[in-house]
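Reproduced below: my_file-v4.txt, with compact mmCIF, C-alpha atoms.
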# COMPACT_ATOMS: atom_id res chain seq x y z
CA MET Y 467 104.50 70.86 85.79
CA THR Y 468 107.62 71.95 83.92
CA VAL Y 469 109.86 74.92 84.71
CA LYS Y 470 108.62 76.56 81.51
CA GLU Y 471 104.99 76.22 82.62
CA MET Y 472 105.80 77.71 86.02
CA THR Y 473 107.73 80.58 84.40
CA ASP Y 474 104.76 81.46 82.22
CA ALA Y 475 102.07 80.95 84.86
CA LEU Y 476 103.84 82.98 87.55
CA ASN Y 477 105.16 85.57 85.12
CA LEU Y 478 108.81 85.06 86.03
CA ARG Y 479 111.78 86.76 84.45
CA ALA Y 480 114.18 84.23 82.91
CA PHE Y 481 117.84 85.24 83.29
CA THR Y 482 118.84 82.08 81.46
CA ALA Y 483 117.30 81.34 78.03
CA GLU Y 484 116.03 77.85 77.26
CA GLU Y 485 118.36 76.09 79.70
CA GLY Y 486 116.55 73.69 82.00
CA MET Y 487 113.07 74.87 80.98
CA GLU Y 488 111.94 71.32 80.22
CA LYS Y 489 112.66 70.01 83.73
CA THR Y 490 109.78 68.69 85.81
CA ILE Y 491 109.03 70.35 89.16
CA GLU Y 492 108.66 67.97 92.10
CA GLY Y 493 108.34 70.54 94.88
CA GLY Y 494 109.82 73.69 96.32
CA TYR Y 495 112.24 74.85 99.02
CA THR Y 496 112.62 78.36 100.40
CA SER Y 497 115.85 79.18 102.26
CA ASP Y 498 118.77 81.59 102.18
CA LEU Y 499 121.25 79.35 103.94
CA LEU Y 500 123.11 77.36 101.33
CA SER Y 501 124.22 74.80 103.89
CA ASP Y 502 120.55 74.21 104.74
CA VAL Y 503 119.61 73.75 101.09
CA MET Y 504 122.51 71.33 100.65
CA GLY Y 505 121.15 69.29 103.50
CA TYR Y 506 117.41 69.40 102.94
CA ALA Y 507 116.34 70.28 99.38
CA ASP Y 508 115.45 67.34 97.14
CA ALA Y 509 115.99 66.67 93.46
CA GLY Y 510 113.44 68.40 91.25
CA PHE Y 511 112.68 71.17 93.74
CA VAL Y 512 112.43 74.83 92.83
CA TRP Y 513 114.68 76.80 95.20
CA VAL Y 514 113.41 80.23 96.26
CA THR Y 515 116.13 82.51 97.66
CA LEU Y 516 117.54 86.01 97.86
CA GLN Y 517 121.15 84.82 97.61
CA THR Y 518 122.78 85.77 94.30
CA HIS Y 519 126.28 84.33 94.82
CA LYS Y 520 127.53 81.82 92.24
CA ASN Y 521 127.55 79.06 94.84
CA ILE Y 522 123.75 78.84 94.50
CA MET Y 523 124.14 77.31 91.03
CA ALA Y 524 126.79 74.88 92.21
CA ILE Y 525 124.41 73.67 94.90
CA ALA Y 526 121.45 73.59 92.50
CA SER Y 527 123.53 71.34 90.27
CA LEU Y 528 124.75 69.15 93.12
CA LYS Y 529 121.20 68.65 94.42
CA GLU Y 530 119.73 68.33 90.91
CA LEU Y 531 117.22 71.08 91.58
CA ALA Y 532 114.69 71.98 88.89
CA ALA Y 533 115.27 75.74 88.97
CA VAL Y 534 116.34 78.68 91.14
CA VAL Y 535 114.07 81.69 91.66
CA LEU Y 536 115.55 84.96 92.96
CA VAL Y 537 113.03 87.06 94.88
CA LYS Y 538 112.54 90.81 95.42
CA GLY Y 539 113.76 91.74 91.96
CA LEU Y 540 117.32 90.68 92.73
CA ILE Y 541 119.68 90.24 89.80
CA PRO Y 542 122.20 87.38 89.73
CA ASP Y 543 125.92 88.11 89.80
CA GLN Y 544 127.49 87.68 86.35
CA ASP Y 545 129.42 84.53 87.31
CA THR Y 546 126.22 83.06 88.78
CA LEU Y 547 124.47 83.45 85.44
CA THR Y 548 127.44 81.96 83.60
CA LEU Y 549 127.37 78.93 85.89
CA ALA Y 550 123.58 78.54 85.49
CA ARG Y 551 124.00 78.37 81.70
CA GLN Y 552 126.90 75.97 82.02
CA GLU Y 553 124.95 73.66 84.33
CA GLY Y 554 121.77 73.91 82.25
CA ILE Y 555 119.60 75.01 85.14
CA ALA Y 556 116.98 77.75 84.78
CA LEU Y 557 117.75 80.88 86.81
CA LEU Y 558 114.58 82.92 87.23
CA GLY Y 559 113.44 86.04 89.02
CA THR Y 560 110.35 87.59 90.56
CA SER Y 561 109.66 91.01 92.04
CA GLU Y 562 107.72 89.36 94.88
CA GLN Y 563 109.27 88.56 98.24
CA ALA Y 564 109.85 84.97 99.31
CA PHE Y 565 106.62 84.55 101.33
CA GLU Y 566 104.35 85.72 98.53
CA PHE Y 567 106.14 83.84 95.79
CA SER Y 568 106.38 80.62 97.80
CA GLY Y 569 102.65 80.88 98.53
CA ARG Y 570 101.74 81.21 94.87
CA LEU Y 571 104.05 78.37 93.89
CA TYR Y 572 102.65 76.15 96.65
CA ARG Y 573 99.10 76.78 95.47
CA MET Y 574 100.05 75.86 91.94
CA LEU Y 575 101.75 72.65 93.00
CA HIS Y 576 98.99 71.67 95.45
CA PRO Y 577 95.76 72.91 93.85
CA MET Z 519 162.68 84.99 112.64
CA ILE Z 520 160.74 84.95 115.87
CA CYS Z 521 157.62 83.03 116.81
CA VAL Z 522 154.72 85.39 117.55
CA LYS Z 523 151.59 84.25 119.34
CA ALA Z 524 148.63 86.01 117.75
CA ASP Z 525 144.94 86.31 118.60
CA LEU Z 526 143.45 88.10 115.61
CA HIS Z 527 139.75 88.18 116.46
CA ILE Z 528 138.89 90.27 119.50
CA HIS Z 529 135.70 92.27 120.11
CA THR Z 530 135.60 95.29 122.39
CA PHE Z 531 133.03 97.20 124.38
CA LEU Z 532 132.09 98.84 121.04
CA SER Z 533 130.55 95.65 119.62
CA PRO Z 534 126.98 95.55 120.93
CA CYS Z 535 127.64 91.97 122.06
CA GLY Z 536 131.05 92.84 123.57
CA ASP Z 537 131.32 92.69 127.36
CA MET Z 538 131.57 95.92 129.41
CA GLY Z 539 134.96 94.66 130.54
CA MET Z 540 136.41 94.73 127.02
CA THR Z 541 138.11 98.11 127.48
CA PRO Z 542 141.44 99.01 125.88
CA LEU Z 543 143.38 98.55 129.10
CA ASN Z 544 141.75 95.23 130.04
CA ILE Z 545 142.30 93.84 126.56
CA ILE Z 546 145.98 94.73 126.53
CA GLN Z 547 146.58 93.49 130.07
CA ARG Z 548 144.88 90.20 129.34
CA ALA Z 549 146.79 89.78 126.05
CA LYS Z 550 150.04 90.40 127.91
CA LYS Z 551 149.16 87.86 130.57
CA LYS Z 552 148.45 85.26 127.89
CA GLY Z 553 151.81 85.89 126.22
CA LEU Z 554 150.34 87.24 122.98
CA GLY Z 555 152.60 89.40 120.83
CA LEU Z 556 150.04 90.39 118.20
CA ILE Z 557 146.32 91.03 118.45
CA ALA Z 558 143.66 92.49 116.17
CA VAL Z 559 140.66 94.58 117.19
CA THR Z 560 137.76 93.27 115.13
CA ASP Z 561 134.44 94.79 116.15
CA HIS Z 562 131.33 94.19 114.09
CA ASN Z 563 131.37 96.52 111.07
CA THR Z 564 133.41 99.25 112.76
CA THR Z 565 137.06 100.12 113.34
CA HIS Z 566 136.74 102.99 115.82
CA GLN Z 567 138.13 101.26 118.92
CA GLY Z 568 141.37 100.27 117.19
CA PRO Z 569 143.48 103.43 117.68
CA GLU Z 570 143.07 103.60 121.48
CA VAL Z 571 143.82 99.88 121.91
CA ARG Z 572 146.90 100.31 119.74
CA ARG Z 573 148.05 103.32 121.77
CA VAL Z 574 147.87 101.34 125.02
CA GLY Z 575 149.38 98.30 123.32
CA LEU Z 576 152.35 100.28 122.08
CA ARG Z 577 153.15 101.28 125.63
CA GLU Z 578 152.77 97.74 126.96
CA GLY Z 579 154.63 95.99 124.14
CA ILE Z 580 151.65 94.39 122.40
CA CYS Z 581 151.31 94.98 118.67
CA VAL Z 582 147.72 95.84 117.70
CA LEU Z 583 146.30 95.56 114.19
CA TYR Z 584 143.31 97.56 113.06
CA GLY Z 585 140.44 95.58 111.65
CA ALA Z 586 136.78 94.73 111.62
CA GLU Z 587 134.53 91.71 111.46
CA ILE Z 588 132.46 92.59 108.44
CA THR Z 589 129.01 91.08 107.84
CA THR Z 590 128.64 90.74 104.07
CA ARG Z 591 125.33 90.82 102.20
CA GLU Z 592 125.22 87.00 102.41
CA GLU Z 593 125.57 87.42 106.20
CA VAL Z 594 129.01 85.84 106.14
CA HIS Z 595 131.34 87.18 108.84
CA CYS Z 596 134.71 88.12 107.39
CA LEU Z 597 137.75 89.63 109.09
CA ALA Z 598 139.66 92.50 107.53
CA TYR Z 599 143.06 93.55 108.85
CA VAL Z 600 144.91 96.76 108.02
CA GLU Z 601 148.03 98.46 109.27
CA THR Z 602 147.94 102.26 108.99
CA GLU Z 603 145.55 104.92 110.21
CA GLU Z 604 144.98 105.93 106.59
CA GLN Z 605 143.90 102.38 105.70
CA ARG Z 606 141.69 102.23 108.78
CA GLU Z 607 139.94 105.43 107.71
CA LYS Z 608 139.34 104.00 104.24
CA LEU Z 609 137.91 100.83 105.74
CA GLN Z 610 135.71 102.87 108.08
CA GLU Z 611 134.45 104.95 105.16
CA PHE Z 612 133.56 101.76 103.27
CA LEU Z 613 131.63 100.47 106.31
CA ASP Z 614 129.88 103.82 106.85
CA THR Z 615 128.81 103.85 103.21
CA TYR Z 616 127.33 100.37 103.16
CA LEU Z 617 126.01 99.78 106.68
CA PRO Z 618 122.21 100.18 106.69
CA ARG Z 619 121.08 103.24 108.65
CA ILE Z 620 119.07 101.36 111.26
CA PRO Z 621 119.34 103.16 114.61
CA ASN Z 622 120.71 100.98 117.43
CA GLU Z 623 118.42 100.16 120.34
CA PRO Z 624 120.86 99.70 123.24
CA GLU Z 625 118.28 98.02 125.53
CA ILE Z 626 117.91 95.21 123.00
CA PHE Z 627 121.27 94.96 121.26
CA GLY Z 628 123.72 96.56 123.71
CA TYR Z 629 125.73 99.77 123.76
CA GLN Z 630 128.00 100.83 120.91
CA PHE Z 631 130.48 103.21 122.54
CA TRP Z 632 134.20 103.38 121.99
CA VAL Z 633 136.22 104.47 124.98
CA ASP Z 634 139.67 105.62 126.03
CA GLU Z 635 142.06 104.01 128.43
CA ASN Z 636 140.21 105.49 131.41
CA GLU Z 637 136.88 104.26 130.08
CA GLN Z 638 135.75 107.73 129.08
CA VAL Z 639 133.44 107.64 126.07
CA LEU Z 640 135.12 108.84 122.86
CA GLY Z 641 132.21 108.26 120.51
CA GLU Z 642 129.11 106.26 119.74
CA ALA Z 643 128.23 104.30 116.62
CA PRO Z 644 124.66 105.42 115.84
CA TYR Z 645 123.57 102.59 113.55
CA LEU Z 646 123.08 98.96 114.45
CA LEU Z 647 126.47 97.32 113.94
CA ILE Z 648 125.24 93.76 113.64
CA SER Z 649 123.41 94.45 110.35
CA ALA Z 650 124.78 93.13 107.07
CA ILE Z 651 126.45 95.68 104.83
CA ASP Z 652 125.17 96.12 101.29
CA ARG Z 653 128.22 94.50 99.66
CA SER Z 654 128.76 90.88 98.64
CA ILE Z 655 131.60 88.76 99.97
CA ASP Z 656 133.39 89.13 96.62
CA GLN Z 657 133.01 92.91 96.65
CA THR Z 658 134.15 93.08 100.26
CA ALA Z 659 137.22 90.92 99.63
CA ALA Z 660 138.14 93.00 96.58
CA PHE Z 661 137.82 96.23 98.56
CA VAL Z 662 139.93 95.02 101.49
CA ARG Z 663 142.62 93.83 99.07
CA SER Z 664 142.47 97.12 97.15
CA ILE Z 665 143.50 99.12 100.22
CA GLY Z 666 146.32 96.69 101.00
CA GLY Z 667 144.48 94.83 103.75
CA LEU Z 668 144.24 91.15 104.58
CA PHE Z 669 140.95 89.28 104.13
CA VAL Z 670 140.09 86.27 106.27
CA PRO Z 671 136.60 84.68 106.42
CA ALA Z 672 135.80 84.18 110.13
CA HIS Z 673 134.92 80.96 111.99
CA ILE Z 674 134.07 79.32 108.70
CA GLU Z 675 132.86 76.04 110.21
CA ARG Z 676 130.30 77.55 112.60
CA PRO Z 677 126.58 76.90 111.99
CA ARG Z 678 125.75 80.62 111.97
CA ASN Z 679 127.06 83.58 109.95
CA SER Z 680 129.90 81.62 108.47
CA LEU Z 681 131.14 81.06 104.94
CA LEU Z 682 130.07 77.42 105.11
CA SER Z 683 126.67 78.04 106.72
CA GLN Z 684 125.72 80.84 104.34
CA LEU Z 685 127.36 79.75 101.09
CA GLY Z 686 127.67 76.00 101.58
CA PHE Z 687 131.33 75.72 100.68
CA VAL Z 688 134.34 77.96 100.05
CA PRO Z 689 133.89 79.26 96.49
CA ALA Z 690 136.80 78.57 94.17
CA GLY Z 691 138.93 81.64 93.59
CA LEU Z 692 137.84 83.53 96.71
CA PRO Z 693 140.79 85.87 97.41
CA ALA Z 694 141.21 84.91 101.08
CA ASP Z 695 144.60 85.38 102.74
CA ALA Z 696 143.67 82.68 105.26
CA LEU Z 697 140.59 80.97 106.67
CA GLU Z 698 139.71 81.22 110.35
CA LEU Z 699 138.38 78.33 112.41
CA SER Z 700 136.66 78.94 115.72
CA ARG Z 701 138.18 77.86 118.99
CA PHE Z 702 135.75 74.90 119.02
CA SER Z 703 137.42 73.03 116.17
CA ASP Z 704 140.66 71.24 115.53
CA PRO Z 705 142.31 72.41 112.27
CA GLU Z 706 143.75 69.00 111.48
CA THR Z 707 140.41 67.21 111.79
CA PHE Z 708 138.73 69.99 109.82
CA LEU Z 709 141.18 69.66 106.93
CA GLN Z 710 140.79 65.89 106.89
CA LYS Z 711 137.06 66.40 106.37
CA ASN Z 712 137.59 69.24 103.90
CA PRO Z 713 140.65 68.30 101.87
CA TYR Z 714 139.69 70.79 99.13
CA LEU Z 715 140.80 73.56 101.49
CA ASP Z 716 144.32 72.34 102.12
CA SER Z 717 145.87 75.09 99.99
CA TYR Z 718 144.58 77.72 102.42
CA MET Z 719 146.35 78.82 105.56
CA ILE Z 720 144.10 77.93 108.48
CA ILE Z 721 144.29 80.23 111.51
CA GLN Z 722 142.52 80.12 114.85
CA SER Z 723 141.57 83.04 117.03
CA SER Z 724 139.43 83.43 120.11
CA ASP Z 725 136.55 85.63 118.84
CA ALA Z 726 136.67 86.96 122.40
CA HIS Z 727 133.66 88.90 123.67
CA TYR Z 728 134.81 88.64 127.33
CA PRO Z 729 138.27 89.39 128.74
CA ASP Z 730 138.72 85.78 129.88
CA ASP Z 731 138.28 84.56 126.31
CA ILE Z 732 141.28 86.49 124.97
CA GLY Z 733 143.97 84.03 123.97
CA ALA Z 734 141.65 81.03 124.53
CA VAL Z 735 143.20 79.88 121.27
CA HIS Z 736 145.95 81.54 119.27
CA THR Z 737 147.95 81.01 116.10
CA ALA Z 738 151.75 81.09 116.17
CA PHE Z 739 153.36 82.84 113.20
CA ARG Z 740 157.02 83.03 112.29
CA MET Z 741 157.94 86.64 111.47
CA GLN Z 742 160.86 89.07 111.50
CA GLU Z 743 159.00 91.17 114.06
CA ALA Z 744 155.43 91.24 115.35
CA GLY Z 745 153.32 93.36 113.01
CA PHE Z 746 151.22 93.62 109.89
CA GLU Z 747 154.11 93.08 107.44
CA GLY Z 748 155.18 89.96 109.28
CA LEU Z 749 151.64 88.60 109.25
CA LYS Z 750 151.19 89.42 105.57
CA ASN Z 751 154.44 87.66 104.68
CA ALA Z 752 153.57 84.64 106.80
CA MET Z 753 150.20 84.33 105.03
CA LYS Z 754 151.85 84.81 101.65
CA ARG Z 755 154.52 82.21 102.42
CA SER Z 756 151.88 79.61 103.20
CA HIS Z 757 150.64 79.84 99.58
CA GLU Z 758 154.06 79.12 98.08

Written as structure tokens, that's how I'd like the structure from this file.
Amino acid sequence: MTVKEMTDALNLRAFTAEEGMEKTIEGGYTSDLLSDVMGYADAGFVWVTLQTHKNIMAIASLKELAAVVLVKGLIPDQDTLTLARQEGIALLGTSEQAFEFSGRLYRMLHP
Amino acid sequence: MICVKADLHIHTFLSPCGDMGMTPLNIIQRAKKKGLGLIAVTDHNTTHQGPEVRRVGLREGICVLYGAEITTREEVHCLAYVETEEQREKLQEFLDTYLPRIPNEPEIFGYQFWVDENEQVLGEAPYLLISAIDRSIDQTAAFVRSIGGLFVPAHIERPRNSLLSQLGFVPAGLPADALELSRFSDPETFLQKNPYLDSYMIIQSSDAHYPDDIGAVHTAFRMQEAGFEGLKNAMKRSHE
């Protein structure tokens, strides 16, 4: 599944435009500790978080994540969005909280 | 110039996790015994115990800075230091505005009283002080700087509630006047592992919650006289 397909299927808001939409999703990781994500998320994962600080995009780039999804209707900081565009990684949003969104994503990835 | 021994991270009775023994008089006596010339009162998300500690400190020859250990929205603990009563009131107003209004439950979290020298209660913080305020680390740093305060992320290498645990690494351009390491680390070893931080001044303080912890580590600063100006200049000098 690509990031674009996930965005459409789960009705996500795309803060970035076309950046990173073609990437293939290998799995998901839900965490709000950036040090934890640095240590345990794998390449191609979608990262589900409520953190909006620009460091999330630096870590997404470092770990070669497929996309970042902000939960609970949170809006990224301006410099976070700038960095997402620069790094070519999709920055997405959902109004759902992490448990609900992660559940729906899991079901899609493991039908 | 004199060399001033400073412990700039001390909790009091007012922090829910602060020991009953962390009263103004005990804190000052212990600081004196440890040869400290400068301390900072840094309770979680409140500044109310500062004035009474300063009053006792003035009498006993210990300089006391006002401050707080602020929990930002990212749940990063950051120290703010200010000098005057006017600045302290501005900082308190900021904290009152952005601290969630969750009533404290003393049986679970501990009491949140501030007290005078004779341990008489002066006031009580009604809302849970260990919550995160509704401001990001960048917004918090900008506010502290805007009132002329100093901004220092606390115990940045710790696995909980630290800049590194919550945000992975120190973001470029963060307006920090220094970075604090906990008493459990050695600054030299830390900088060897994190050479990208060598432009920051690294300080160490005790993060004391018990009287015996005060001065467990300290940072020595060279200043004209013990006080906020001296500290500010010492932090500024380290960036030149």

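We find atom CA of Z:Asn563 and atom CA of Z:Arg676 to be spaced 19.1 Å apart.
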
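Here the question is which of Z:His566, Z:Arg653, Z:Arg548, Z:Arg701 gets nearest to chain Y using only C-alpha atoms, and that residue is Z:Arg653.
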
Can you tell me, as a compact mmCIF listing (two decimals) with C-alpha atoms, keeping the file's coordinate frame, what residues are no more than 8 Å from Y:Met504 when counting all atoms listed in the file, ignoring any on the same chain fewer than 5 positions away?
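Everything below was put into out_3.txt:
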# COMPACT_ATOMS: atom_id res chain seq x y z
CA ILE Y 525 124.41 73.67 94.90
CA LYS Y 529 121.20 68.65 94.42
CA GLY Z 686 127.67 76.00 101.58

Point-to-point distance in Å for atom CA of Z:Arg740 and atom CA of Z:Pro713: 24.4 Å

Interface rows for chain Z against chain Y: nearest pair, Å to one decimal, 7 Å, only C-alpha atoms, as a tab-separated table:
residue	atom	partner	partner_atom	distance
Z:Glu592	CA	Y:Gln517	CA	6.7
Z:Leu682	CA	Y:Ser501	CA	6.5
Z:Ser683	CA	Y:Ser501	CA	5.0
Z:Gln684	CA	Y:Leu499	CA	4.7
Z:Leu685	CA	Y:Leu500	CA	4.9
Z:Gly686	CA	Y:Ser501	CA	4.3
Z:Pro689	CA	Y:Asn521	CA	6.6

For Y:Val534, find every residue with an atom within 7 Å (counting only C-alpha atoms), except residues of its own chain fewer than 3 positions away, and show them as a short mmCIF file (atom, residue, chain, number, x, y, z; two decimals) with C-alpha atoms, in the coordinates of the input.
data_model
loop_
_atom_site.label_atom_id
_atom_site.label_comp_id
_atom_site.auth_asym_id
_atom_site.auth_seq_id
_atom_site.Cartn_x
_atom_site.Cartn_y
_atom_site.Cartn_z
CA VAL Y 512 112.43 74.83 92.83
CA TRP Y 513 114.68 76.80 95.20
CA VAL Y 514 113.41 80.23 96.26
CA ALA Y 556 116.98 77.75 84.78
CA LEU Y 557 117.75 80.88 86.81
CA LEU Y 558 114.58 82.92 87.23
#

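Atom CA of Y:Glu566 sits 24.6 Å away from atom CA of Y:Ala483.
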
Might you pull out every residue within 9 Å of stretch 668-670 of chain Z, with only C-alpha atoms counted and same-chain residues fewer than 2 positions away left off, and present them as a PyMOL selection string? chain Z and resi 596-600+658-660+662-663+666+672+693-698+750

Identify the residues within 12 Å of coordinate (133.7, 104.9, 127.7) (same frame as the file), considering all atoms listed in the file, and give the answer as a tab-separated table (two decimals) with C-alpha atoms, keeping the file's coordinate frame.
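As a result, point08.tsv now contains:
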chain	number	residue	atom	x	y	z
Z	530	THR	CA	135.60	95.29	122.39
Z	531	PHE	CA	133.03	97.20	124.38
Z	532	LEU	CA	132.09	98.84	121.04
Z	538	MET	CA	131.57	95.92	129.41
Z	539	GLY	CA	134.96	94.66	130.54
Z	540	MET	CA	136.41	94.73	127.02
Z	541	THR	CA	138.11	98.11	127.48
Z	542	PRO	CA	141.44	99.01	125.88
Z	543	LEU	CA	143.38	98.55	129.10
Z	567	GLN	CA	138.13	101.26	118.92
Z	570	GLU	CA	143.07	103.60	121.48
Z	629	TYR	CA	125.73	99.77	123.76
Z	630	GLN	CA	128.00	100.83	120.91
Z	631	PHE	CA	130.48	103.21	122.54
Z	632	TRP	CA	134.20	103.38	121.99
Z	633	VAL	CA	136.22	104.47	124.98
Z	634	ASP	CA	139.67	105.62	126.03
Z	635	GLU	CA	142.06	104.01	128.43
Z	636	ASN	CA	140.21	105.49	131.41
Z	637	GLU	CA	136.88	104.26	130.08
Z	638	GLN	CA	135.75	107.73	129.08
Z	639	VAL	CA	133.44	107.64	126.07
Z	640	LEU	CA	135.12	108.84	122.86
Z	641	GLY	CA	132.21	108.26	120.51
Z	642	GLU	CA	129.11	106.26	119.74

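Closest approach to Y:Ser561 among Y:Arg479, Y:Thr515, Y:Pro542, Y:Thr490 is made by Y:Arg479 (distances from all atoms listed in the file).
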
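Taking only C-alpha atoms into account, the protein, DNA and RNA residues within 6 Å of (112.1, 83.2, 91.4) read Val514, Val535, Leu536, Val537, Leu558, Gly559 and Thr560 of chain Y.
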
Spatial neighbours of stretch 741-749 of chain Z, max dist 12 Å, only C-alpha atoms, sep filter under 5 positions, as an MDAnalysis selection string: chainID Z and resid 519:526 554:558 572 576 579:585 598:602 666:669 695:696 719 721 754:756

Write the selection just made, keeping C-alpha atoms, as a PDB file, keeping the file's coordinate frame?
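This went into out33.pdb:
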ATOM      1  CA  MET Z 519     162.680  84.990 112.640  1.00  0.00           C
ATOM      2  CA  ILE Z 520     160.740  84.950 115.870  1.00  0.00           C
ATOM      3  CA  CYS Z 521     157.620  83.030 116.810  1.00  0.00           C
ATOM      4  CA  VAL Z 522     154.720  85.390 117.550  1.00  0.00           C
ATOM      5  CA  LYS Z 523     151.590  84.250 119.340  1.00  0.00           C
ATOM      6  CA  ALA Z 524     148.630  86.010 117.750  1.00  0.00           C
ATOM      7  CA  ASP Z 525     144.940  86.310 118.600  1.00  0.00           C
ATOM      8  CA  LEU Z 526     143.450  88.100 115.610  1.00  0.00           C
ATOM      9  CA  LEU Z 554     150.340  87.240 122.980  1.00  0.00           C
ATOM     10  CA  GLY Z 555     152.600  89.400 120.830  1.00  0.00           C
ATOM     11  CA  LEU Z 556     150.040  90.390 118.200  1.00  0.00           C
ATOM     12  CA  ILE Z 557     146.320  91.030 118.450  1.00  0.00           C
ATOM     13  CA  ALA Z 558     143.660  92.490 116.170  1.00  0.00           C
ATOM     14  CA  ARG Z 572     146.900 100.310 119.740  1.00  0.00           C
ATOM     15  CA  LEU Z 576     152.350 100.280 122.080  1.00  0.00           C
ATOM     16  CA  GLY Z 579     154.630  95.990 124.140  1.00  0.00           C
ATOM     17  CA  ILE Z 580     151.650  94.390 122.400  1.00  0.00           C
ATOM     18  CA  CYS Z 581     151.310  94.980 118.670  1.00  0.00           C
ATOM     19  CA  VAL Z 582     147.720  95.840 117.700  1.00  0.00           C
ATOM     20  CA  LEU Z 583     146.300  95.560 114.190  1.00  0.00           C
ATOM     21  CA  TYR Z 584     143.310  97.560 113.060  1.00  0.00           C
ATOM     22  CA  GLY Z 585     140.440  95.580 111.650  1.00  0.00           C
ATOM     23  CA  ALA Z 598     139.660  92.500 107.530  1.00  0.00           C
ATOM     24  CA  TYR Z 599     143.060  93.550 108.850  1.00  0.00           C
ATOM     25  CA  VAL Z 600     144.910  96.760 108.020  1.00  0.00           C
ATOM     26  CA  GLU Z 601     148.030  98.460 109.270  1.00  0.00           C
ATOM     27  CA  THR Z 602     147.940 102.260 108.990  1.00  0.00           C
ATOM     28  CA  GLY Z 666     146.320  96.690 101.000  1.00  0.00           C
ATOM     29  CA  GLY Z 667     144.480  94.830 103.750  1.00  0.00           C
ATOM     30  CA  LEU Z 668     144.240  91.150 104.580  1.00  0.00           C
ATOM     31  CA  PHE Z 669     140.950  89.280 104.130  1.00  0.00           C
ATOM     32  CA  ASP Z 695     144.600  85.380 102.740  1.00  0.00           C
ATOM     33  CA  ALA Z 696     143.670  82.680 105.260  1.00  0.00           C
ATOM     34  CA  MET Z 719     146.350  78.820 105.560  1.00  0.00           C
ATOM     35  CA  ILE Z 721     144.290  80.230 111.510  1.00  0.00           C
ATOM     36  CA  LYS Z 754     151.850  84.810 101.650  1.00  0.00           C
ATOM     37  CA  ARG Z 755     154.520  82.210 102.420  1.00  0.00           C
ATOM     38  CA  SER Z 756     151.880  79.610 103.200  1.00  0.00           C
TER      39      SER Z 756
END

For Z:Asp614, which residue out of Z:Thr564, Z:Ser717, Z:Thr590, Z:Ser700 is the nearest one, using all atoms listed in the file? Z:Thr564
